[in-house]
Every structure is written in C-alpha cells, then in structure tokens.
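Let me begin by presenting the structure, written as structure tokens, before commenting on it.
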Amino acid sequence: MNYQNILQQARHKQEPLKPERFVKISDRKDKCDIPTSAFKPLFENAYLQTWKGIILNKGITEIALYPMLVYELQPKTIIEIGAFNGGGAIWLADHLDLFEIEGHVYSVDIDLSLLDEKARNDSRVHFLEGDCNNINAVFPPQMLSELPHPWLIIEDAHVNLVAVVEYFHSNGLQSGDYLIVEDTNRLYWELWGDNWDDRAEMEQGVKKMDDLRNWLIDHEKEYLVDTYYQDLYGYNGSKNWNSILKRV
Ligand SMILES: C[S@@+](CC[C@H](N)C(=O)[O-])C[C@H]1O[C@@H](n2cnc3c(N)ncnc32)[C@H](O)[C@@H]1O
C-alpha cells in the first residue's frame, strides 16, 4: 500500500474545479452499482437509525456523504423538504455546529405533529408546517431573497417534485448552490411493492427519476451531477440516483 499515491489520488478526485467531476444529466444513466439484492438489507431498516435518539431516515451512503458535502460547501442556508421526525434536520444542524459554519436549517413538513419532542425544542432549526403543493406559501420569494448563500436544498417529500425544484430554481438558486433530490432510485420504491401504505406516494416515487431527468434536460447547463459524491460508493451507489446537483 503506497499512502503517498492514495493521498495524491484523493486530492485529484476532490478537486472542485476538475471538469470531469461535474457532468450533465444526458451523460448519466439511471442505474447503480449496488446490486438489487443488497437494497433490502441496506435500506429496510433506515427507520431504525437514530441520531440523538431521533429517527435519522437517511441512506447509509448519505450518512457518510452529506457531512463531506456540508464541509466542502459551507452552506449558509439548508432547506429540507420533508421533516418527518426532525432527525435529518437536527443532524444537519449539528454538522453546521461541528464545522463551525454559521448557517441556518429550515425544514418543512405537511404534518409537524410527527416531530420528535427533542427536535421540536431545538431552536437551531426552523420547522415550518406547509404543503409542497403550495411551496410559495411556505417560502415566499421575499423570504428566499433574504436567505444567504450558498444553499443546500434537500427534497425528501416526494410530492409535486417538478414544481418544487422549478420554484427554487426560479426563486434564488445561484451558481455554487446544491440541490439534492432524494429517493430517485426506482428500484428502491419497487422493493416495497404492495407493502407501501400510500399507493399514490409510491407511484410518484417510482417515476421520480424520470421527472427529475426531464426537468434537468431543460436545465442541462445549469445543474450538473457532482460525481465525486454521487459515485463515491460505485456508480449511483445510493438510493438517490443522479441527484446530487450543483448549480453552475
Ligand atoms: C421521507 S419523509 C422525510 C424524512 C426526513 N427528511 C429525514 O431525513 O428524516 C417524507 C416526509 O414528507 C412529508 N410530506 C408528505 N407530503 C407532503 C407535502 N405535500 N408537503 C410537505 N411535506 C409532505 C411527510 O409528512 C413525511 O414526513
């Protein structure tokens, strides 16, 4: 093992200005290197993962990737669409603290009664009750215009996706900001099959990658997939395919 070589390779791959790190959606395939048979053991128990005792409903690869991205990006604003128990938002706020980044976390959900008591009482996160079908009421343009950049937006509600990303695109996403769309891996949704309680949510989930791809094709030069994070655990080695996007 030559540790000098490992260091050199790592520096080369992380280089933010390296042109091949960022690629257009048309150069990406909707597939991943994680075998389908591994999905169940890897993702089935995501609801049993916790952070400070609160459910942390993230894929295992995101648990490693997001802190690296947060450190590199140094976001001043993090917006999470879909708060659920609040574990993801608290985890992100803790990473801002850990990295001494002066940023703020906003997390929206249609049903804030789902929040864990500890999350509810954490004043660092602005939990907002609202509906993705009416996203402009949750984040009015005036409010967005005052939120400092860089932004990290994580869509994780699986509702009205195209209108939601279009809204943030038209109301503030700037060069250097990141947009992540979670659960674009169609196979992940199909895994649950008839066991998924909410049929409509599952149907939206299965076509999430197609919806995102179609939107991205119209914005090919504005949003590029960051392959450093996207492919760190193999091609699209995640439940989120082609969806760690940098606004350029
Ligand atoms: C997958 S969970 C979010 C998980 C969370 N981001 C985390 O990391 O722990 C999806 C959430 O989206 C919320 N949701 C569903 N429909 C919504 C809508 N129309 N507007 C806003 N939130 C919605 C659900 O209530 C649920 O809590």
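Ordering of the structure tokens sets the chain letters (A, B, ...), residue numbers begin anew at 1 in every chain, and ligands are numbered from 1 in the order given.
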
Once you count only C-alpha atoms and all ligand atoms, which residues end up within 6 Å of ligand 1, and could you hand them over as number ranges by chain? A: 56-58, 82-88, 109-111, 130-133, 156-157, 159

Residues as selected, N, CA and C atoms, written as a JSON list (two decimals), in the first residue's frame, can you do that?
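Wrote it out as selection14.json, contents follow:
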```
[["chain", "number", "residue", "atom", "x", "y", "z"],
["A", 56, "LEU", "N", -33.26, 8.89, 12.10],
["A", 56, "LEU", "CA", -32.48, 9.52, 11.04],
["A", 56, "LEU", "C", -32.71, 8.70, 9.78],
["A", 57, "ASN", "N", -33.67, 9.17, 9.00],
["A", 57, "ASN", "CA", -34.12, 8.39, 7.85],
["A", 57, "ASN", "C", -33.30, 8.72, 6.60],
["A", 58, "LYS", "N", -32.02, 8.43, 6.69],
["A", 58, "LYS", "CA", -31.13, 8.68, 5.54],
["A", 58, "LYS", "C", -30.54, 7.35, 5.09],
["A", 82, "GLY", "N", -39.55, 18.00, 3.75],
["A", 82, "GLY", "CA", -39.94, 16.72, 4.36],
["A", 82, "GLY", "C", -39.15, 16.54, 5.65],
["A", 83, "ALA", "N", -39.73, 16.97, 6.76],
["A", 83, "ALA", "CA", -39.01, 16.94, 8.04],
["A", 83, "ALA", "C", -39.18, 15.60, 8.76],
["A", 84, "PHE", "N", -40.35, 15.01, 8.62],
["A", 84, "PHE", "CA", -40.70, 13.77, 9.33],
["A", 84, "PHE", "C", -40.47, 13.95, 10.84],
["A", 85, "ASN", "N", -39.61, 13.12, 11.40],
["A", 85, "ASN", "CA", -39.37, 13.13, 12.85],
["A", 85, "ASN", "C", -38.45, 14.27, 13.29],
["A", 86, "GLY", "N", -37.79, 14.91, 12.30],
["A", 86, "GLY", "CA", -36.87, 16.00, 12.61],
["A", 86, "GLY", "C", -35.42, 15.55, 12.73],
["A", 87, "GLY", "N", -35.19, 14.24, 12.65],
["A", 87, "GLY", "CA", -33.83, 13.72, 12.86],
["A", 87, "GLY", "C", -32.85, 14.23, 11.82],
["A", 88, "GLY", "N", -33.27, 14.27, 10.55],
["A", 88, "GLY", "CA", -32.38, 14.73, 9.50],
["A", 88, "GLY", "C", -31.99, 16.19, 9.70],
["A", 109, "ASP", "N", -42.67, 20.43, 6.66],
["A", 109, "ASP", "CA", -43.46, 19.20, 6.55],
["A", 109, "ASP", "C", -44.95, 19.58, 6.60],
["A", 110, "ILE", "N", -45.75, 18.74, 5.95],
["A", 110, "ILE", "CA", -47.19, 18.98, 5.96],
["A", 110, "ILE", "C", -47.78, 18.65, 7.33],
["A", 111, "ASP", "N", -47.05, 17.89, 8.12],
["A", 111, "ASP", "CA", -47.57, 17.44, 9.41],
["A", 111, "ASP", "C", -46.47, 17.48, 10.47],
["A", 130, "GLY", "N", -46.21, 23.16, 6.23],
["A", 130, "GLY", "CA", -46.69, 23.62, 4.92],
["A", 130, "GLY", "C", -46.71, 22.49, 3.93],
["A", 131, "ASP", "N", -47.27, 22.81, 2.78],
["A", 131, "ASP", "CA", -47.56, 21.79, 1.77],
["A", 131, "ASP", "C", -46.72, 22.04, 0.51],
["A", 132, "CYS", "N", -46.05, 21.01, 0.04],
["A", 132, "CYS", "CA", -45.26, 21.12, -1.20],
["A", 132, "CYS", "C", -46.12, 21.49, -2.39],
["A", 133, "ASN", "N", -47.40, 21.23, -2.30],
["A", 133, "ASN", "CA", -48.29, 21.62, -3.40],
["A", 133, "ASN", "C", -48.52, 23.12, -3.43],
["A", 156, "ASP", "N", -37.11, 15.81, 0.00],
["A", 156, "ASP", "CA", -37.30, 14.46, 0.53],
["A", 156, "ASP", "C", -38.77, 14.23, 0.91],
["A", 157, "ALA", "N", -39.68, 14.88, 0.19],
["A", 157, "ALA", "CA", -41.12, 14.70, 0.50],
["A", 157, "ALA", "C", -41.83, 13.93, -0.61],
["A", 159, "VAL", "N", -43.39, 14.86, -3.27],
["A", 159, "VAL", "CA", -44.69, 15.40, -3.69],
["A", 159, "VAL", "C", -44.44, 16.62, -4.57]]
```

Report as a PyMOL selection string: the residues of stretch 28-129 of chain A with a DSSP assignment of strand (DSSP E or B), based on the backbone of this structure. chain A and resi 50-51+54-55+77-81+104-109+125-129

Got a sec to tell me which of stretch 60-100 of chain A DSSP assigns to alpha helix (DSSP H), as an MDAnalysis selection string? chainID A and resid 60:73 87:98

For atom CA of A:Gln14 and atom CA of A:Thr61, determine how far apart the two atoms are, in Å to one decimal place.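 Value for the atom CA of A:Gln14-atom CA of A:Thr61 distance: 17.3 Å.
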
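Our summary of the geometry notes that atom CA of A:Gln8 is positioned 18.6 Å from atom CA of A:Asp231.
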
Extract, using only C-alpha atoms, all DNA, RNA and protein residues at most 12 Å from A:Pro140, discarding same-chain residues fewer than 6 positions from it, and format them as a PyMOL selection string. chain A and resi 130+134+146-147+167-168+170-172

Could those residues be written to a file, using N, CA and C atoms, as a compact mmCIF listing (two decimals), in the first residue's frame?
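Produced file again.txt, reproduced below:
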```txt
# COMPACT_ATOMS: atom_id res chain seq x y z
N GLY A 130 -46.21 23.16 6.23
CA GLY A 130 -46.69 23.62 4.92
C GLY A 130 -46.71 22.49 3.93
N ASN A 134 -48.05 23.79 -2.38
CA ASN A 134 -48.20 25.24 -2.29
C ASN A 134 -46.91 25.81 -1.70
N GLU A 146 -33.87 36.72 1.01
CA GLU A 146 -33.08 37.17 2.17
C GLU A 146 -32.22 36.05 2.77
N LEU A 147 -32.37 34.83 2.27
CA LEU A 147 -31.60 33.72 2.84
C LEU A 147 -30.21 33.68 2.21
N TYR A 167 -39.61 25.92 -8.60
CA TYR A 167 -39.83 27.09 -7.73
C TYR A 167 -38.50 27.60 -7.16
N PHE A 168 -37.70 26.68 -6.62
CA PHE A 168 -36.43 27.13 -6.04
C PHE A 168 -35.47 27.60 -7.14
N SER A 170 -36.35 29.15 -9.84
CA SER A 170 -36.77 30.50 -10.27
C SER A 170 -36.70 31.52 -9.15
N ASN A 171 -36.52 31.04 -7.94
CA ASN A 171 -36.56 31.97 -6.80
C ASN A 171 -35.30 31.87 -5.94
N GLY A 172 -34.15 31.85 -6.59
CA GLY A 172 -32.96 32.07 -5.79
C GLY A 172 -31.80 31.14 -5.96
```

Which residue of A:Asn160, A:Gln49, A:Thr36, A:Gln174 approaches A:Trp189 most closely, using only C-alpha atoms: A:Thr36

With only C-alpha atoms as the counted atoms, please give the residues lying no more than 8 Å from A:Tyr229, apart from itself and same-chain residues fewer than 3 positions off, as number ranges by chain. A: 65, 69, 226, 232, 244

Close residues, A:Gly237 itself excluded, 12 Å, only C-alpha atoms, min 2 positions apart in chain, as an MDAnalysis selection string: chainID A and resid 30:36 38:39 42 59:62 64:65 183:185 188 227:235 239:244

Would you list the contacts of A:Val165 as a list of chain:residue names, taking every protein, DNA or RNA residue within 9 Å and counting only C-alpha atoms, but skipping same-chain residues closer than 4 positions in sequence?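 Answer for this query is A:Glu155, A:Asn160, A:Leu161, A:His169, A:Ser170, A:Leu179, A:Val181, A:Leu212, A:Trp215.
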
Hey, can you check how far atom CA of A:Leu144 sits from atom CA of A:Val225? 23.7 Å

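Distance check against A:Ile217 using only C-alpha atoms: of A:Asn2, A:Ser107, A:Gln9, A:Ser26, the minimum falls on A:Ser26.
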